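Trainee: run31.cif is reproduced below (mmCIF, N, CA and C atoms).
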data_my_file
#
loop_
_atom_site.group_PDB
_atom_site.id
_atom_site.type_symbol
_atom_site.label_atom_id
_atom_site.label_comp_id
_atom_site.auth_asym_id
_atom_site.auth_seq_id
_atom_site.Cartn_x
_atom_site.Cartn_y
_atom_site.Cartn_z
ATOM 1 N N VAL D 1 41.471 117.649 132.812
ATOM 2 C CA VAL D 1 41.607 118.274 131.500
ATOM 3 C C VAL D 1 40.500 117.752 130.595
ATOM 4 N N ASN D 2 39.777 118.673 129.972
ATOM 5 C CA ASN D 2 38.673 118.291 129.105
ATOM 6 C C ASN D 2 39.096 118.099 127.652
ATOM 7 N N TRP D 3 40.047 118.918 127.173
ATOM 8 C CA TRP D 3 40.400 118.834 125.751
ATOM 9 C C TRP D 3 41.818 119.303 125.511
ATOM 10 N N GLU D 4 42.373 118.900 124.353
ATOM 11 C CA GLU D 4 43.719 119.289 123.939
ATOM 12 C C GLU D 4 43.615 120.076 122.646
ATOM 13 N N PRO D 5 44.140 121.300 122.614
ATOM 14 C CA PRO D 5 44.087 122.060 121.367
ATOM 15 C C PRO D 5 45.059 121.482 120.335
ATOM 16 N N PRO D 6 44.695 121.510 119.050
ATOM 17 C CA PRO D 6 45.641 121.088 118.018
ATOM 18 C C PRO D 6 46.762 122.117 117.892
ATOM 19 N N VAL D 7 47.963 121.643 117.545
ATOM 20 C CA VAL D 7 49.113 122.535 117.434
ATOM 21 C C VAL D 7 49.896 122.251 116.154
ATOM 22 N N ASP D 8 50.605 123.274 115.685
ATOM 23 C CA ASP D 8 51.602 123.167 114.627
ATOM 24 C C ASP D 8 52.925 123.608 115.233
ATOM 25 N N VAL D 9 54.033 122.954 114.859
ATOM 26 C CA VAL D 9 55.353 123.292 115.371
ATOM 27 C C VAL D 9 56.295 123.476 114.185
ATOM 28 N N PHE D 10 56.980 124.622 114.152
ATOM 29 C CA PHE D 10 57.910 124.947 113.076
ATOM 30 C C PHE D 10 59.245 125.337 113.694
ATOM 31 N N GLU D 11 60.351 124.853 113.118
ATOM 32 C CA GLU D 11 61.671 125.174 113.646
ATOM 33 C C GLU D 11 62.542 125.765 112.544
ATOM 34 N N THR D 12 63.210 126.888 112.873
ATOM 35 C CA THR D 12 64.232 127.461 112.012
ATOM 36 C C THR D 12 65.534 127.445 112.802
ATOM 37 N N GLU D 13 66.600 127.956 112.215
ATOM 38 C CA GLU D 13 67.875 128.011 112.938
ATOM 39 C C GLU D 13 67.803 128.955 114.141
ATOM 40 N N GLN D 14 66.918 129.955 114.088
ATOM 41 C CA GLN D 14 66.854 130.966 115.142
ATOM 42 C C GLN D 14 65.771 130.729 116.196
ATOM 43 N N GLU D 15 64.677 130.056 115.815
ATOM 44 C CA GLU D 15 63.581 129.936 116.770
ATOM 45 C C GLU D 15 62.680 128.748 116.481
ATOM 46 N N LEU D 16 61.856 128.465 117.476
ATOM 47 C CA LEU D 16 60.827 127.449 117.382
ATOM 48 C C LEU D 16 59.503 128.190 117.493
ATOM 49 N N THR D 17 58.600 127.963 116.538
ATOM 50 C CA THR D 17 57.294 128.613 116.563
ATOM 51 C C THR D 17 56.228 127.551 116.770
ATOM 52 N N ILE D 18 55.362 127.795 117.733
ATOM 53 C CA ILE D 18 54.274 126.873 118.039
ATOM 54 C C ILE D 18 52.966 127.639 117.921
ATOM 55 N N VAL D 19 52.041 127.072 117.149
ATOM 56 C CA VAL D 19 50.732 127.676 116.948
ATOM 57 C C VAL D 19 49.695 126.715 117.517
ATOM 58 N N ALA D 20 48.909 127.190 118.483
ATOM 59 C CA ALA D 20 47.867 126.377 119.114
ATOM 60 C C ALA D 20 46.507 127.000 118.830
ATOM 61 N N ALA D 21 45.576 126.206 118.330
ATOM 62 C CA ALA D 21 44.224 126.698 118.032
ATOM 63 C C ALA D 21 43.443 126.838 119.339
ATOM 64 N N LEU D 22 43.148 128.088 119.705
ATOM 65 C CA LEU D 22 42.425 128.381 120.949
ATOM 66 C C LEU D 22 41.281 129.360 120.691
ATOM 67 N N PRO D 23 40.315 129.010 119.842
ATOM 68 C CA PRO D 23 39.230 129.938 119.550
ATOM 69 C C PRO D 23 38.412 130.268 120.790
ATOM 70 N N GLY D 24 38.151 131.546 120.980
ATOM 71 C CA GLY D 24 37.320 131.975 122.088
ATOM 72 C C GLY D 24 37.988 131.986 123.447
ATOM 73 N N VAL D 25 39.289 131.741 123.502
ATOM 74 C CA VAL D 25 40.000 131.751 124.790
ATOM 75 C C VAL D 25 40.566 133.147 125.017
ATOM 76 N N GLU D 26 40.282 133.709 126.164
ATOM 77 C CA GLU D 26 40.776 135.036 126.513
ATOM 78 C C GLU D 26 42.248 134.943 126.946
ATOM 79 N N PRO D 27 43.052 135.973 126.625
ATOM 80 C CA PRO D 27 44.483 135.931 126.971
ATOM 81 C C PRO D 27 44.753 135.656 128.445
ATOM 82 N N GLN D 28 43.952 136.225 129.333
ATOM 83 C CA GLN D 28 44.177 136.039 130.770
ATOM 84 C C GLN D 28 43.864 134.614 131.233
ATOM 85 N N GLU D 29 43.251 133.806 130.376
ATOM 86 C CA GLU D 29 42.913 132.420 130.719
ATOM 87 C C GLU D 29 43.986 131.426 130.283
ATOM 88 N N ILE D 30 45.099 131.902 129.704
ATOM 89 C CA ILE D 30 46.134 131.025 129.159
ATOM 90 C C ILE D 30 47.340 130.954 130.094
ATOM 91 N N GLU D 31 47.822 129.742 130.329
ATOM 92 C CA GLU D 31 49.018 129.503 131.136
ATOM 93 C C GLU D 31 50.076 128.875 130.242
ATOM 94 N N ILE D 32 51.310 129.383 130.309
ATOM 95 C CA ILE D 32 52.412 128.868 129.502
ATOM 96 C C ILE D 32 53.584 128.576 130.432
ATOM 97 N N ALA D 33 54.151 127.369 130.327
ATOM 98 C CA ALA D 33 55.308 127.015 131.156
ATOM 99 C C ALA D 33 56.186 126.022 130.398
ATOM 100 N N ILE D 34 57.492 126.091 130.663
ATOM 101 C CA ILE D 34 58.432 125.110 130.129
ATOM 102 C C ILE D 34 59.153 124.480 131.311
ATOM 103 N N GLN D 35 59.086 123.146 131.389
ATOM 104 C CA GLN D 35 59.779 122.409 132.452
ATOM 105 C C GLN D 35 60.361 121.144 131.866
ATOM 106 N N GLN D 36 61.639 120.924 132.121
ATOM 107 C CA GLN D 36 62.333 119.707 131.720
ATOM 108 C C GLN D 36 62.112 119.373 130.251
ATOM 109 N N GLY D 37 62.218 120.406 129.394
ATOM 110 C CA GLY D 37 62.118 120.199 127.960
ATOM 111 C C GLY D 37 60.720 119.980 127.413
ATOM 112 N N VAL D 38 59.703 120.275 128.238
ATOM 113 C CA VAL D 38 58.308 120.119 127.802
ATOM 114 C C VAL D 38 57.587 121.453 127.961
ATOM 115 N N LEU D 39 56.963 121.901 126.861
ATOM 116 C CA LEU D 39 56.131 123.104 126.897
ATOM 117 C C LEU D 39 54.728 122.695 127.306
ATOM 118 N N ARG D 40 54.157 123.420 128.263
ATOM 119 C CA ARG D 40 52.776 123.186 128.673
ATOM 120 C C ARG D 40 51.960 124.439 128.405
ATOM 121 N N VAL D 41 50.917 124.281 127.611
ATOM 122 C CA VAL D 41 49.958 125.356 127.365
ATOM 123 C C VAL D 41 48.644 124.882 127.955
ATOM 124 N N GLY D 42 48.126 125.636 128.909
ATOM 125 C CA GLY D 42 46.892 125.240 129.571
ATOM 126 C C GLY D 42 45.998 126.436 129.799
ATOM 127 N N GLY D 43 44.808 126.170 130.278
ATOM 128 C CA GLY D 43 43.885 127.248 130.582
ATOM 129 C C GLY D 43 42.440 126.793 130.528
ATOM 130 N N VAL D 44 41.563 127.770 130.304
ATOM 131 C CA VAL D 44 40.124 127.504 130.299
ATOM 132 C C VAL D 44 39.470 128.273 129.159
ATOM 133 N N ARG D 45 38.590 127.593 128.445
ATOM 134 C CA ARG D 45 37.719 128.272 127.475
ATOM 135 C C ARG D 45 36.336 128.282 128.101
ATOM 136 N N GLN D 46 35.870 129.496 128.418
ATOM 137 C CA GLN D 46 34.568 129.665 129.051
ATOM 138 C C GLN D 46 33.451 129.542 128.019
ATOM 139 N N LEU D 47 32.298 129.096 128.459
ATOM 140 C CA LEU D 47 31.127 129.117 127.584
ATOM 141 C C LEU D 47 30.713 130.561 127.341
ATOM 142 N N PRO D 48 30.229 130.893 126.155
ATOM 143 C CA PRO D 48 29.757 132.263 125.909
ATOM 144 C C PRO D 48 28.569 132.599 126.817
ATOM 145 N N ALA D 49 28.421 133.867 127.150
ATOM 146 C CA ALA D 49 27.346 134.314 128.053
ATOM 147 C C ALA D 49 25.963 133.970 127.503
ATOM 148 N N CYS D 50 25.813 133.945 126.180
ATOM 149 C CA CYS D 50 24.496 133.685 125.580
ATOM 150 C C CYS D 50 23.999 132.266 125.850
ATOM 151 N N VAL D 51 24.869 131.358 126.295
ATOM 152 C CA VAL D 51 24.496 129.964 126.537
ATOM 153 C C VAL D 51 23.670 129.816 127.811
ATOM 154 N N HIS D 52 23.917 130.671 128.775
ATOM 155 C CA HIS D 52 23.241 130.552 130.069
ATOM 156 C C HIS D 52 21.736 130.736 129.904
ATOM 157 N N GLY D 53 20.999 129.719 130.282
ATOM 158 C CA GLY D 53 19.546 129.744 130.175
ATOM 159 C C GLY D 53 19.040 129.326 128.807
ATOM 160 N N ALA D 54 19.924 128.970 127.879
ATOM 161 C CA ALA D 54 19.529 128.600 126.519
ATOM 162 C C ALA D 54 19.408 127.082 126.395
ATOM 163 N N ALA D 55 18.555 126.653 125.480
ATOM 164 C CA ALA D 55 18.482 125.233 125.125
ATOM 165 C C ALA D 55 19.618 124.965 124.133
ATOM 166 N N ILE D 56 20.457 123.998 124.427
ATOM 167 C CA ILE D 56 21.595 123.690 123.564
ATOM 168 C C ILE D 56 21.182 122.601 122.581
ATOM 169 N N HIS D 57 21.247 122.904 121.291
ATOM 170 C CA HIS D 57 20.903 121.947 120.252
ATOM 171 C C HIS D 57 22.130 121.225 119.711
ATOM 172 N N ARG D 58 23.259 121.897 119.735
ATOM 173 C CA ARG D 58 24.509 121.287 119.282
ATOM 174 C C ARG D 58 25.655 122.041 119.939
ATOM 175 N N MET D 59 26.682 121.303 120.372
ATOM 176 C CA MET D 59 27.844 121.939 120.969
ATOM 177 C C MET D 59 29.079 121.130 120.569
ATOM 178 N N GLU D 60 29.760 121.584 119.520
ATOM 179 C CA GLU D 60 30.912 120.873 118.967
ATOM 180 C C GLU D 60 32.235 121.518 119.339
ATOM 181 N N ILE D 61 32.232 122.810 119.648
ATOM 182 C CA ILE D 61 33.471 123.507 120.000
ATOM 183 C C ILE D 61 33.779 123.194 121.468
ATOM 184 N N PRO D 62 34.983 122.673 121.745
ATOM 185 C CA PRO D 62 35.287 122.299 123.127
ATOM 186 C C PRO D 62 35.356 123.508 124.059
ATOM 187 N N HIS D 63 34.994 123.283 125.302
ATOM 188 C CA HIS D 63 35.058 124.328 126.324
ATOM 189 C C HIS D 63 35.527 123.683 127.621
ATOM 190 N N GLY D 64 35.799 124.516 128.586
ATOM 191 C CA GLY D 64 36.288 124.026 129.868
ATOM 192 C C GLY D 64 37.807 124.015 129.891
ATOM 193 N N ARG D 65 38.356 123.218 130.771
ATOM 194 C CA ARG D 65 39.806 123.155 130.981
ATOM 195 C C ARG D 65 40.492 122.478 129.800
ATOM 196 N N PHE D 66 41.604 123.062 129.355
ATOM 197 C CA PHE D 66 42.410 122.447 128.304
ATOM 198 C C PHE D 66 43.867 122.431 128.723
ATOM 199 N N GLU D 67 44.612 121.509 128.109
ATOM 200 C CA GLU D 67 46.052 121.452 128.342
ATOM 201 C C GLU D 67 46.687 120.694 127.191
ATOM 202 N N ARG D 68 47.826 121.186 126.754
ATOM 203 C CA ARG D 68 48.602 120.503 125.721
ATOM 204 C C ARG D 68 50.055 120.527 126.148
ATOM 205 N N ARG D 69 50.696 119.370 126.113
ATOM 206 C CA ARG D 69 52.117 119.253 126.444
ATOM 207 C C ARG D 69 52.856 118.868 125.174
ATOM 208 N N ILE D 70 53.965 119.568 124.916
ATOM 209 C CA ILE D 70 54.749 119.343 123.711
ATOM 210 C C ILE D 70 56.203 119.186 124.106
ATOM 211 N N ARG D 71 56.782 118.015 123.797
ATOM 212 C CA ARG D 71 58.211 117.815 124.044
ATOM 213 C C ARG D 71 58.969 118.643 123.034
ATOM 214 N N LEU D 72 59.873 119.476 123.535
ATOM 215 C CA LEU D 72 60.640 120.371 122.677
ATOM 216 C C LEU D 72 61.903 119.673 122.182
ATOM 217 N N PRO D 73 62.280 119.935 120.932
ATOM 218 C CA PRO D 73 63.470 119.276 120.379
ATOM 219 C C PRO D 73 64.767 119.876 120.911
ATOM 220 N N GLY D 74 65.765 119.036 121.058
ATOM 221 C CA GLY D 74 67.133 119.487 121.301
ATOM 222 C C GLY D 74 67.362 120.359 122.506
ATOM 223 N N GLU D 75 67.897 121.545 122.220
ATOM 224 C CA GLU D 75 68.387 122.413 123.291
ATOM 225 C C GLU D 75 67.285 122.985 124.167
ATOM 226 N N ARG D 76 67.706 123.703 125.189
ATOM 227 C CA ARG D 76 66.756 124.322 126.120
ATOM 228 C C ARG D 76 66.174 125.580 125.488
ATOM 229 N N TRP D 77 64.878 125.783 125.669
ATOM 230 C CA TRP D 77 64.164 126.894 125.039
ATOM 231 C C TRP D 77 63.562 127.812 126.095
ATOM 232 N N GLN D 78 63.333 129.068 125.690
ATOM 233 C CA GLN D 78 62.617 130.031 126.524
ATOM 234 C C GLN D 78 61.602 130.749 125.643
ATOM 235 N N VAL D 79 60.497 131.179 126.248
ATOM 236 C CA VAL D 79 59.476 131.911 125.503
ATOM 237 C C VAL D 79 59.999 133.313 125.241
ATOM 238 N N ASP D 80 60.101 133.663 123.974
ATOM 239 C CA ASP D 80 60.572 134.989 123.570
ATOM 240 C C ASP D 80 59.398 135.951 123.448
ATOM 241 N N ARG D 81 58.330 135.501 122.792
ATOM 242 C CA ARG D 81 57.128 136.333 122.648
ATOM 243 C C ARG D 81 55.937 135.436 122.333
ATOM 244 N N PHE D 82 54.747 135.971 122.594
ATOM 245 C CA PHE D 82 53.527 135.241 122.263
ATOM 246 C C PHE D 82 52.409 136.230 121.998
ATOM 247 N N ALA D 83 51.436 135.800 121.210
ATOM 248 C CA ALA D 83 50.290 136.651 120.879
ATOM 249 C C ALA D 83 49.121 135.759 120.485
ATOM 250 N N LEU D 84 47.914 136.269 120.674
ATOM 251 C CA LEU D 84 46.720 135.620 120.145
ATOM 252 C C LEU D 84 46.414 136.267 118.804
ATOM 253 N N VAL D 85 46.396 135.461 117.745
ATOM 254 C CA VAL D 85 46.175 135.959 116.390
ATOM 255 C C VAL D 85 45.109 135.098 115.730
ATOM 256 N N ASN D 86 43.983 135.719 115.393
ATOM 257 C CA ASN D 86 42.896 135.008 114.699
ATOM 258 C C ASN D 86 42.494 133.708 115.399
ATOM 259 N N GLY D 87 42.380 133.743 116.708
ATOM 260 C CA GLY D 87 41.951 132.571 117.465
ATOM 261 C C GLY D 87 43.042 131.554 117.737
ATOM 262 N N CYS D 88 44.294 131.900 117.405
ATOM 263 C CA CYS D 88 45.414 130.993 117.645
ATOM 264 C C CYS D 88 46.447 131.655 118.541
ATOM 265 N N LEU D 89 46.996 130.872 119.466
ATOM 266 C CA LEU D 89 48.124 131.318 120.267
ATOM 267 C C LEU D 89 49.381 131.053 119.448
ATOM 268 N N VAL D 90 50.165 132.096 119.201
ATOM 269 C CA VAL D 90 51.418 131.962 118.465
ATOM 270 C C VAL D 90 52.556 132.225 119.432
ATOM 271 N N LEU D 91 53.353 131.177 119.688
ATOM 272 C CA LEU D 91 54.490 131.260 120.610
ATOM 273 C C LEU D 91 55.799 131.221 119.824
ATOM 274 N N SER D 92 56.715 132.112 120.148
ATOM 275 C CA SER D 92 58.061 132.070 119.574
ATOM 276 C C SER D 92 59.025 131.754 120.699
ATOM 277 N N LEU D 93 59.744 130.654 120.558
ATOM 278 C CA LEU D 93 60.736 130.231 121.543
ATOM 279 C C LEU D 93 62.117 130.376 120.959
ATOM 280 N N THR D 94 63.056 130.816 121.794
ATOM 281 C CA THR D 94 64.444 130.946 121.370
ATOM 282 C C THR D 94 65.316 130.116 122.310
ATOM 283 N N PRO D 95 66.517 129.729 121.858
ATOM 284 C CA PRO D 95 67.397 128.949 122.721
ATOM 285 C C PRO D 95 67.705 129.711 124.009
ATOM 286 N N GLN D 96 67.675 128.985 125.100
ATOM 287 C CA GLN D 96 67.969 129.599 126.405
ATOM 288 C C GLN D 96 69.457 129.866 126.522
ATOM 289 N N ARG D 97 69.797 131.040 126.975
ATOM 290 C CA ARG D 97 71.207 131.422 127.120
ATOM 291 C C ARG D 97 71.661 131.204 128.559
ATOM 292 N N GLY D 98 72.882 130.756 128.690
ATOM 293 C CA GLY D 98 73.460 130.629 130.018
ATOM 294 C C GLY D 98 73.295 129.333 130.669
#
As structure tokens - that is how I would like this structure written.

Mentor:
Amino acid sequence: VNWEPPVDVFETEQELTIVAALPGVEPQEIEIAIQQGVLRVGGVRQLPACVHGAAIHRMEIPHGRFERRIRLPGERWQVDRFALVNGCLVLSLTPQRG
């Protein structure tokens, strides 16, 4: 793992919302899993095509493999919905039924 994206976590009575900053990450490059009360968001941020063959003067935005693990509070959760919005992955988790 090369880098960990920063995250925000918000909880209401109905759901848990997690926002992960993933600028430049394509949806098909994102992996989401919940195991034993831990949410794992992983994937790859590819270098832009314009970088190939270019002289790099500065590179501050992380690229390559990323992973973030977040221990979830309390009850068991399931991913209800997710979307990429303005460079952020927005996950909505709801209590697992059954």

Trainee: Counting only N, CA and C atoms, figure out which residue out of D:Ile34, D:Asn2, D:Glu13, D:Gln28 gets nearest to His63 of chain D.

Mentor: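 Ranked by minimum distance to His63 of chain D, first place goes to D:Asn2.
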
Trainee: Using atom CA of Gln14 of chain D and atom CA of Phe82 of chain D as the two end points, give the distance in Å to one decimal.

Mentor: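 Answer for the atom CA of Gln14 of chain D to atom CA of Phe82 of chain D separation: 15.7 Å.
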
Trainee: Give me, as a ChimeraX atom specification, the residues of chain D that a backbone DSSP run labels strand (DSSP E).

Mentor: /D:7-11,16-21,30-35,38-45,64-71,77-85,88-95

Trainee: Using only N, CA and C atoms, determine which residues lie at most 6 Å from Ile70 of chain D, disregarding the query and same-chain residues fewer than 2 positions distant; provide the list as a compact mmCIF listing (two decimals) with N, CA and C atoms, in the coordinates of the input.

Mentor:
# COMPACT_ATOMS: atom_id res chain seq x y z
N GLY D 37 62.22 120.41 129.39
CA GLY D 37 62.12 120.20 127.96
C GLY D 37 60.72 119.98 127.41
N VAL D 38 59.70 120.28 128.24
CA VAL D 38 58.31 120.12 127.80
C VAL D 38 57.59 121.45 127.96
N LEU D 39 56.96 121.90 126.86
CA LEU D 39 56.13 123.10 126.90
C LEU D 39 54.73 122.70 127.31
N ARG D 40 54.16 123.42 128.26
CA ARG D 40 52.78 123.19 128.67
C ARG D 40 51.96 124.44 128.40
N ARG D 68 47.83 121.19 126.75
CA ARG D 68 48.60 120.50 125.72
C ARG D 68 50.06 120.53 126.15
N LEU D 72 59.87 119.48 123.54
CA LEU D 72 60.64 120.37 122.68
C LEU D 72 61.90 119.67 122.18

Trainee: Taking into account all atoms listed in the file, which residue in the set D:Thr94, D:Ala55, D:Ile32, D:Thr12 is nearest to Glu75 of chain D?

Mentor: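 Checking each of D:Thr94, D:Ala55, D:Ile32, D:Thr12 against Glu75 of chain D, counting all atoms listed in the file, the winner is D:Thr94.
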